Amino acid sequence: MISSESTLSSGCGKSLPIGFSSDQTTVMEIPATNGQPVRHYKVHLSANYQNNLGHAIVFSFHGHKGNMEGQEDLSELSRKGLLINGKGIIAVYPMGKEGTDGKTAWQGAPYSAPGVDDIVFVNTMISTLQSTFCVDSSRIYATGKSNGGGFVNLLACTPSIAAKFAAFATVSAALYTGTFNGNCQTQRSIPILDFHGTADTIAPYNGGESHDATQVSIDNFRKGWASRNGCQSKSTISHLSKQTDPQQLIEIQTWNMNCKTGGIVIGYKITTGQHSWPRTTLPTKCKGNVKTNDCTTTVFDATSDVIIPFFNTYTL
């Protein structure tokens, strides 16, 4: 799809602000206002950013105790060559606020900061990015890990902000009942992509109790979205090629039949997968040492192999 004039943001045609350049990550700040604290987020402009072409925005939300730098390293959305609609992306790494345990968190988790409205934060980031850079407003996406994945679900379950996103992808999501915004109201069908390992001990695949709150099972999370999207009740099962995944540890569950227009749910069930972002190489923070969770590898790269192609398929 070629961006129409109507989806190009007001930042198109503007020179980059001082301190910004293509293929560079820069911190942006939102001043304290209306009782909300100062907020920060990192923005990476692709190497081929042009101010007369509408670029997609991909938000990447870190997990509980995480930060912007770690999420950029983990999710690899600043890598060269990632294209949506044939153009480089604007990757955005927001910073959560310290919650009740003194660690960074996102709204909807039992330990998140009382009174901090992360949905307002996202709304402000979107409007700021649209007025600063050349954005294709029909191609704004969100992904996140763990508590950040749970927050991505909250965005999808909040119609006022979900209306600004074309699709969502959750990774090892910690899906507390609070991240469902009640019973998850939706005003349209929404493309949902999810990755989760069966050996995840932080956000267990089968759900359970954590931080004195209830985590939803991944099966119920996926089936819930399939139901809201009007899709068939039972998923179609497929796998990666045996060449890529000799042990067939990756089961791909797809709900894409009878769905309302634009509705689809795809879930990657990763047997023996831990609390990680699926990738074939270790993040920098692991210093080359295979350990647990983020410092483990699998047979595919979630970001470049699946998330970016998935986002590329969907537009508002």
# chains A, B, ... in the order shown; residues from 1 in each chain; ligands from 1
call {"tool": "residues_around", "arguments": {"residues": "stretch 143-156 of chain A", "least_positions_apart": "2", "cutoff": "9 Å", "atoms": "only C-alpha atoms", "output": "ChimeraX atom specification"}}
result
/A:58-64,71,75,96,105-109,118-119,122,141,158-163,165,167-176,178-181,184-186,190,192,202-203,275-277,307
call {"tool": "select_by_dssp", "arguments": {"residues": "stretch 17-225 of chain A", "states": "strand (DSSP E)", "output": "PyMOL selection string"}}
result
chain A and resi 24-30+39-45+55-61+83-84+87-88+90-94+97-98+104-105+135-145+167-171+191-197+208-210+213-215
call {"tool": "closest_residue", "arguments": {"among": "A:Ser137, A:Ser304, A:Thr292, A:Ser189", "to": "A:Val265", "atoms": "only C-alpha atoms"}}
result
A:Ser189
call {"tool": "atom_distance", "arguments": {"atom1": "atom CA of A:Glu72", "atom2": "atom CA of A:Tyr93"}}
result
6.6 Å
call {"tool": "closest_residue", "arguments": {"among": "A:Gly99, A:Gly86, A:Gly263, A:Gly207", "to": "A:Lys65", "atoms": "only C-alpha atoms"}}
result
A:Gly99
call {"tool": "closest_atom_pairs", "arguments": {"of": "stretch 65-110 of chain A", "to": "stretch 15-36 of chain A", "cutoff": "10 Å", "atoms": "only C-alpha atoms", "output": "CSV"}}
result
residue,atom,partner,partner_atom,distance
A:Met68,CA,A:Val27,CA,9.3
A:Glu69,CA,A:Thr25,CA,9.7
A:Glu72,CA,A:Thr25,CA,9.4
A:Ser78,CA,A:Asp23,CA,7.9
A:Arg79,CA,A:Asp23,CA,9.0
A:Lys80,CA,A:Asp23,CA,8.0
A:Gly88,CA,A:Asp23,CA,9.8
A:Ile90,CA,A:Ser22,CA,9.8
A:Ala91,CA,A:Thr25,CA,8.8
A:Val92,CA,A:Thr25,CA,9.0
A:Tyr93,CA,A:Val27,CA,9.1
A:Pro94,CA,A:Met28,CA,9.3
call {"tool": "write_last_selection", "arguments": {"atoms": "all heavy atoms", "output": "mmCIF file, in the first residue's frame"}}
result
data_model
loop_
_atom_site.group_PDB
_atom_site.id
_atom_site.type_symbol
_atom_site.label_atom_id
_atom_site.label_comp_id
_atom_site.auth_asym_id
_atom_site.auth_seq_id
_atom_site.Cartn_x
_atom_site.Cartn_y
_atom_site.Cartn_z
ATOM 1 N N MET A 68 15.194 1.488 28.442
ATOM 2 C CA MET A 68 15.170 1.756 27.004
ATOM 3 C C MET A 68 16.330 1.076 26.280
ATOM 4 O O MET A 68 16.144 0.454 25.227
ATOM 5 C CB MET A 68 15.243 3.272 26.755
ATOM 6 C CG MET A 68 14.128 4.071 27.384
ATOM 7 S SD MET A 68 14.287 5.863 27.087
ATOM 8 C CE MET A 68 15.659 6.294 28.188
ATOM 9 N N GLU A 69 17.530 1.210 26.854
ATOM 10 C CA GLU A 69 18.724 0.664 26.209
ATOM 11 C C GLU A 69 18.640 -0.859 26.100
ATOM 12 O O GLU A 69 18.973 -1.442 25.062
ATOM 13 C CB GLU A 69 19.976 1.051 27.011
ATOM 14 C CG GLU A 69 20.260 2.543 27.067
ATOM 15 C CD GLU A 69 19.402 3.289 28.077
ATOM 16 O OE1 GLU A 69 18.742 2.635 28.925
ATOM 17 O OE2 GLU A 69 19.359 4.533 28.005
ATOM 18 N N GLU A 72 16.165 -1.887 23.380
ATOM 19 C CA GLU A 72 16.710 -1.689 22.028
ATOM 20 C C GLU A 72 17.647 -2.836 21.671
ATOM 21 O O GLU A 72 17.604 -3.372 20.558
ATOM 22 C CB GLU A 72 17.444 -0.354 21.946
ATOM 23 C CG GLU A 72 17.963 -0.048 20.553
ATOM 24 C CD GLU A 72 18.597 1.325 20.430
ATOM 25 O OE1 GLU A 72 19.077 1.876 21.450
ATOM 26 O OE2 GLU A 72 18.618 1.855 19.295
ATOM 27 N N SER A 78 16.342 -1.621 15.930
ATOM 28 C CA SER A 78 17.207 -0.600 15.340
ATOM 29 C C SER A 78 18.165 -1.192 14.306
ATOM 30 O O SER A 78 19.024 -0.478 13.770
ATOM 31 C CB SER A 78 18.017 0.122 16.438
ATOM 32 O OG SER A 78 17.162 0.792 17.344
ATOM 33 N N ARG A 79 18.022 -2.479 14.039
ATOM 34 C CA ARG A 79 18.894 -3.131 13.052
ATOM 35 C C ARG A 79 18.685 -2.537 11.665
ATOM 36 O O ARG A 79 17.568 -2.180 11.293
ATOM 37 C CB ARG A 79 18.584 -4.632 12.982
ATOM 38 C CG ARG A 79 19.314 -5.466 14.005
ATOM 39 C CD ARG A 79 18.878 -6.919 13.947
ATOM 40 N NE ARG A 79 19.170 -7.548 12.666
ATOM 41 C CZ ARG A 79 18.891 -8.817 12.411
ATOM 42 N NH1 ARG A 79 18.306 -9.574 13.323
ATOM 43 N NH2 ARG A 79 19.180 -9.345 11.245
ATOM 44 N N LYS A 80 19.770 -2.456 10.906
ATOM 45 C CA LYS A 80 19.663 -1.984 9.520
ATOM 46 C C LYS A 80 18.842 -2.980 8.697
ATOM 47 O O LYS A 80 18.871 -4.173 8.945
ATOM 48 C CB LYS A 80 21.056 -1.850 8.903
ATOM 49 C CG LYS A 80 21.826 -0.604 9.345
ATOM 50 C CD LYS A 80 23.128 -0.481 8.570
ATOM 51 C CE LYS A 80 23.813 0.853 8.848
ATOM 52 N NZ LYS A 80 24.342 0.953 10.200
ATOM 53 N N GLY A 88 12.378 2.339 5.743
ATOM 54 C CA GLY A 88 12.917 2.114 7.082
ATOM 55 C C GLY A 88 11.933 2.573 8.141
ATOM 56 O O GLY A 88 11.095 3.449 7.906
ATOM 57 N N ILE A 90 10.716 3.901 12.128
ATOM 58 C CA ILE A 90 11.063 4.719 13.291
ATOM 59 C C ILE A 90 10.811 3.830 14.499
ATOM 60 O O ILE A 90 9.667 3.499 14.813
ATOM 61 C CB ILE A 90 10.213 5.995 13.354
ATOM 62 C CG1 ILE A 90 10.445 6.855 12.108
ATOM 63 C CG2 ILE A 90 10.530 6.789 14.626
ATOM 64 C CD1 ILE A 90 9.490 8.050 11.981
ATOM 65 N N ALA A 91 11.882 3.380 15.151
ATOM 66 C CA ALA A 91 11.752 2.497 16.324
ATOM 67 C C ALA A 91 11.757 3.347 17.586
ATOM 68 O O ALA A 91 12.602 4.246 17.736
ATOM 69 C CB ALA A 91 12.888 1.485 16.353
ATOM 70 N N VAL A 92 10.819 3.052 18.481
ATOM 71 C CA VAL A 92 10.647 3.872 19.689
ATOM 72 C C VAL A 92 10.704 2.977 20.918
ATOM 73 O O VAL A 92 9.990 1.972 20.999
ATOM 74 C CB VAL A 92 9.304 4.636 19.640
ATOM 75 C CG1 VAL A 92 9.142 5.522 20.865
ATOM 76 C CG2 VAL A 92 9.207 5.472 18.364
ATOM 77 N N TYR A 93 11.559 3.371 21.861
ATOM 78 C CA TYR A 93 11.774 2.584 23.081
ATOM 79 C C TYR A 93 11.409 3.433 24.302
ATOM 80 O O TYR A 93 12.229 4.197 24.809
ATOM 81 C CB TYR A 93 13.238 2.128 23.166
ATOM 82 C CG TYR A 93 13.714 1.424 21.922
ATOM 83 C CD1 TYR A 93 14.400 2.113 20.920
ATOM 84 C CD2 TYR A 93 13.465 0.063 21.723
ATOM 85 C CE1 TYR A 93 14.832 1.469 19.763
ATOM 86 C CE2 TYR A 93 13.892 -0.586 20.567
ATOM 87 C CZ TYR A 93 14.570 0.127 19.592
ATOM 88 O OH TYR A 93 14.994 -0.515 18.448
ATOM 89 N N PRO A 94 10.164 3.343 24.773
ATOM 90 C CA PRO A 94 9.742 4.158 25.916
ATOM 91 C C PRO A 94 10.298 3.624 27.240
ATOM 92 O O PRO A 94 10.621 2.434 27.367
ATOM 93 C CB PRO A 94 8.212 4.038 25.892
ATOM 94 C CG PRO A 94 7.882 3.448 24.546
ATOM 95 C CD PRO A 94 9.058 2.596 24.191
#
call {"tool": "decode", "arguments": {"residues": "stretch 176-187 of chain A", "atoms": "all heavy atoms", "output": "compact mmCIF listing (two decimals), in the first residue's frame"}}
result
# COMPACT_ATOMS: atom_id res chain seq x y z
N TYR A 176 -1.54 -9.94 33.36
CA TYR A 176 -2.35 -9.87 34.58
C TYR A 176 -3.78 -9.51 34.20
O TYR A 176 -4.02 -8.85 33.19
CB TYR A 176 -1.77 -8.83 35.53
CG TYR A 176 -0.39 -9.18 36.03
CD1 TYR A 176 0.74 -8.65 35.41
CD2 TYR A 176 -0.21 -10.07 37.08
CE1 TYR A 176 2.02 -8.99 35.84
CE2 TYR A 176 1.06 -10.42 37.51
CZ TYR A 176 2.17 -9.88 36.90
OH TYR A 176 3.43 -10.22 37.31
N THR A 177 -4.71 -9.97 35.02
CA THR A 177 -6.12 -9.67 34.71
C THR A 177 -6.33 -8.17 34.58
O THR A 177 -7.17 -7.72 33.82
CB THR A 177 -7.05 -10.26 35.79
OG1 THR A 177 -6.57 -9.88 37.08
CG2 THR A 177 -7.10 -11.77 35.69
N GLY A 178 -5.52 -7.37 35.28
CA GLY A 178 -5.63 -5.92 35.19
C GLY A 178 -5.24 -5.36 33.84
O GLY A 178 -5.63 -4.24 33.50
N THR A 179 -4.47 -6.10 33.05
CA THR A 179 -4.08 -5.61 31.73
C THR A 179 -5.16 -5.87 30.70
O THR A 179 -4.96 -5.59 29.52
CB THR A 179 -2.75 -6.22 31.25
OG1 THR A 179 -2.88 -7.64 31.20
CG2 THR A 179 -1.60 -5.85 32.14
N PHE A 180 -6.28 -6.38 31.12
CA PHE A 180 -7.37 -6.61 30.17
C PHE A 180 -8.41 -5.50 30.20
O PHE A 180 -9.37 -5.55 29.47
CB PHE A 180 -8.04 -7.97 30.43
CG PHE A 180 -7.31 -9.09 29.76
CD1 PHE A 180 -6.22 -9.68 30.35
CD2 PHE A 180 -7.69 -9.51 28.51
CE1 PHE A 180 -5.52 -10.70 29.72
CE2 PHE A 180 -7.01 -10.53 27.86
CZ PHE A 180 -5.92 -11.12 28.47
N ASN A 181 -8.17 -4.47 31.03
CA ASN A 181 -9.08 -3.33 31.04
C ASN A 181 -10.53 -3.82 31.15
O ASN A 181 -11.36 -3.59 30.29
CB ASN A 181 -8.89 -2.49 29.77
CG ASN A 181 -9.58 -1.14 29.86
OD1 ASN A 181 -9.77 -0.63 30.95
ND2 ASN A 181 -9.96 -0.58 28.73
N GLY A 182 -10.81 -4.53 32.25
CA GLY A 182 -12.13 -5.14 32.40
C GLY A 182 -12.22 -6.36 31.50
O GLY A 182 -11.41 -7.26 31.57
N ASN A 183 -13.20 -6.37 30.63
CA ASN A 183 -13.36 -7.54 29.75
C ASN A 183 -12.83 -7.28 28.35
O ASN A 183 -13.22 -7.95 27.40
CB ASN A 183 -14.83 -7.97 29.70
CG ASN A 183 -15.71 -6.87 29.10
OD1 ASN A 183 -15.24 -5.77 28.84
ND2 ASN A 183 -16.99 -7.18 28.90
N CYS A 184 -11.93 -6.31 28.22
CA CYS A 184 -11.27 -6.00 26.94
C CYS A 184 -12.27 -5.59 25.87
O CYS A 184 -12.63 -6.38 24.99
CB CYS A 184 -10.41 -7.16 26.46
SG CYS A 184 -9.39 -6.72 25.02
N GLN A 185 -12.68 -4.36 25.93
CA GLN A 185 -13.60 -3.82 24.93
C GLN A 185 -12.83 -3.56 23.62
O GLN A 185 -11.71 -3.07 23.65
CB GLN A 185 -14.21 -2.51 25.41
CG GLN A 185 -15.10 -2.67 26.64
CD GLN A 185 -16.33 -3.52 26.35
OE1 GLN A 185 -16.96 -3.36 25.30
NE2 GLN A 185 -16.66 -4.41 27.27
N THR A 186 -13.42 -3.91 22.52
CA THR A 186 -12.82 -3.59 21.22
C THR A 186 -13.90 -3.02 20.31
O THR A 186 -15.07 -3.37 20.41
CB THR A 186 -12.22 -4.83 20.55
OG1 THR A 186 -13.23 -5.84 20.43
CG2 THR A 186 -11.04 -5.38 21.35
N GLN A 187 -13.47 -2.12 19.43
CA GLN A 187 -14.41 -1.52 18.48
C GLN A 187 -14.12 -1.93 17.04
O GLN A 187 -14.75 -1.46 16.12
CB GLN A 187 -14.37 0.01 18.62
CG GLN A 187 -14.93 0.48 19.97
CD GLN A 187 -14.90 1.98 20.14
OE1 GLN A 187 -14.31 2.71 19.36
NE2 GLN A 187 -15.54 2.45 21.20
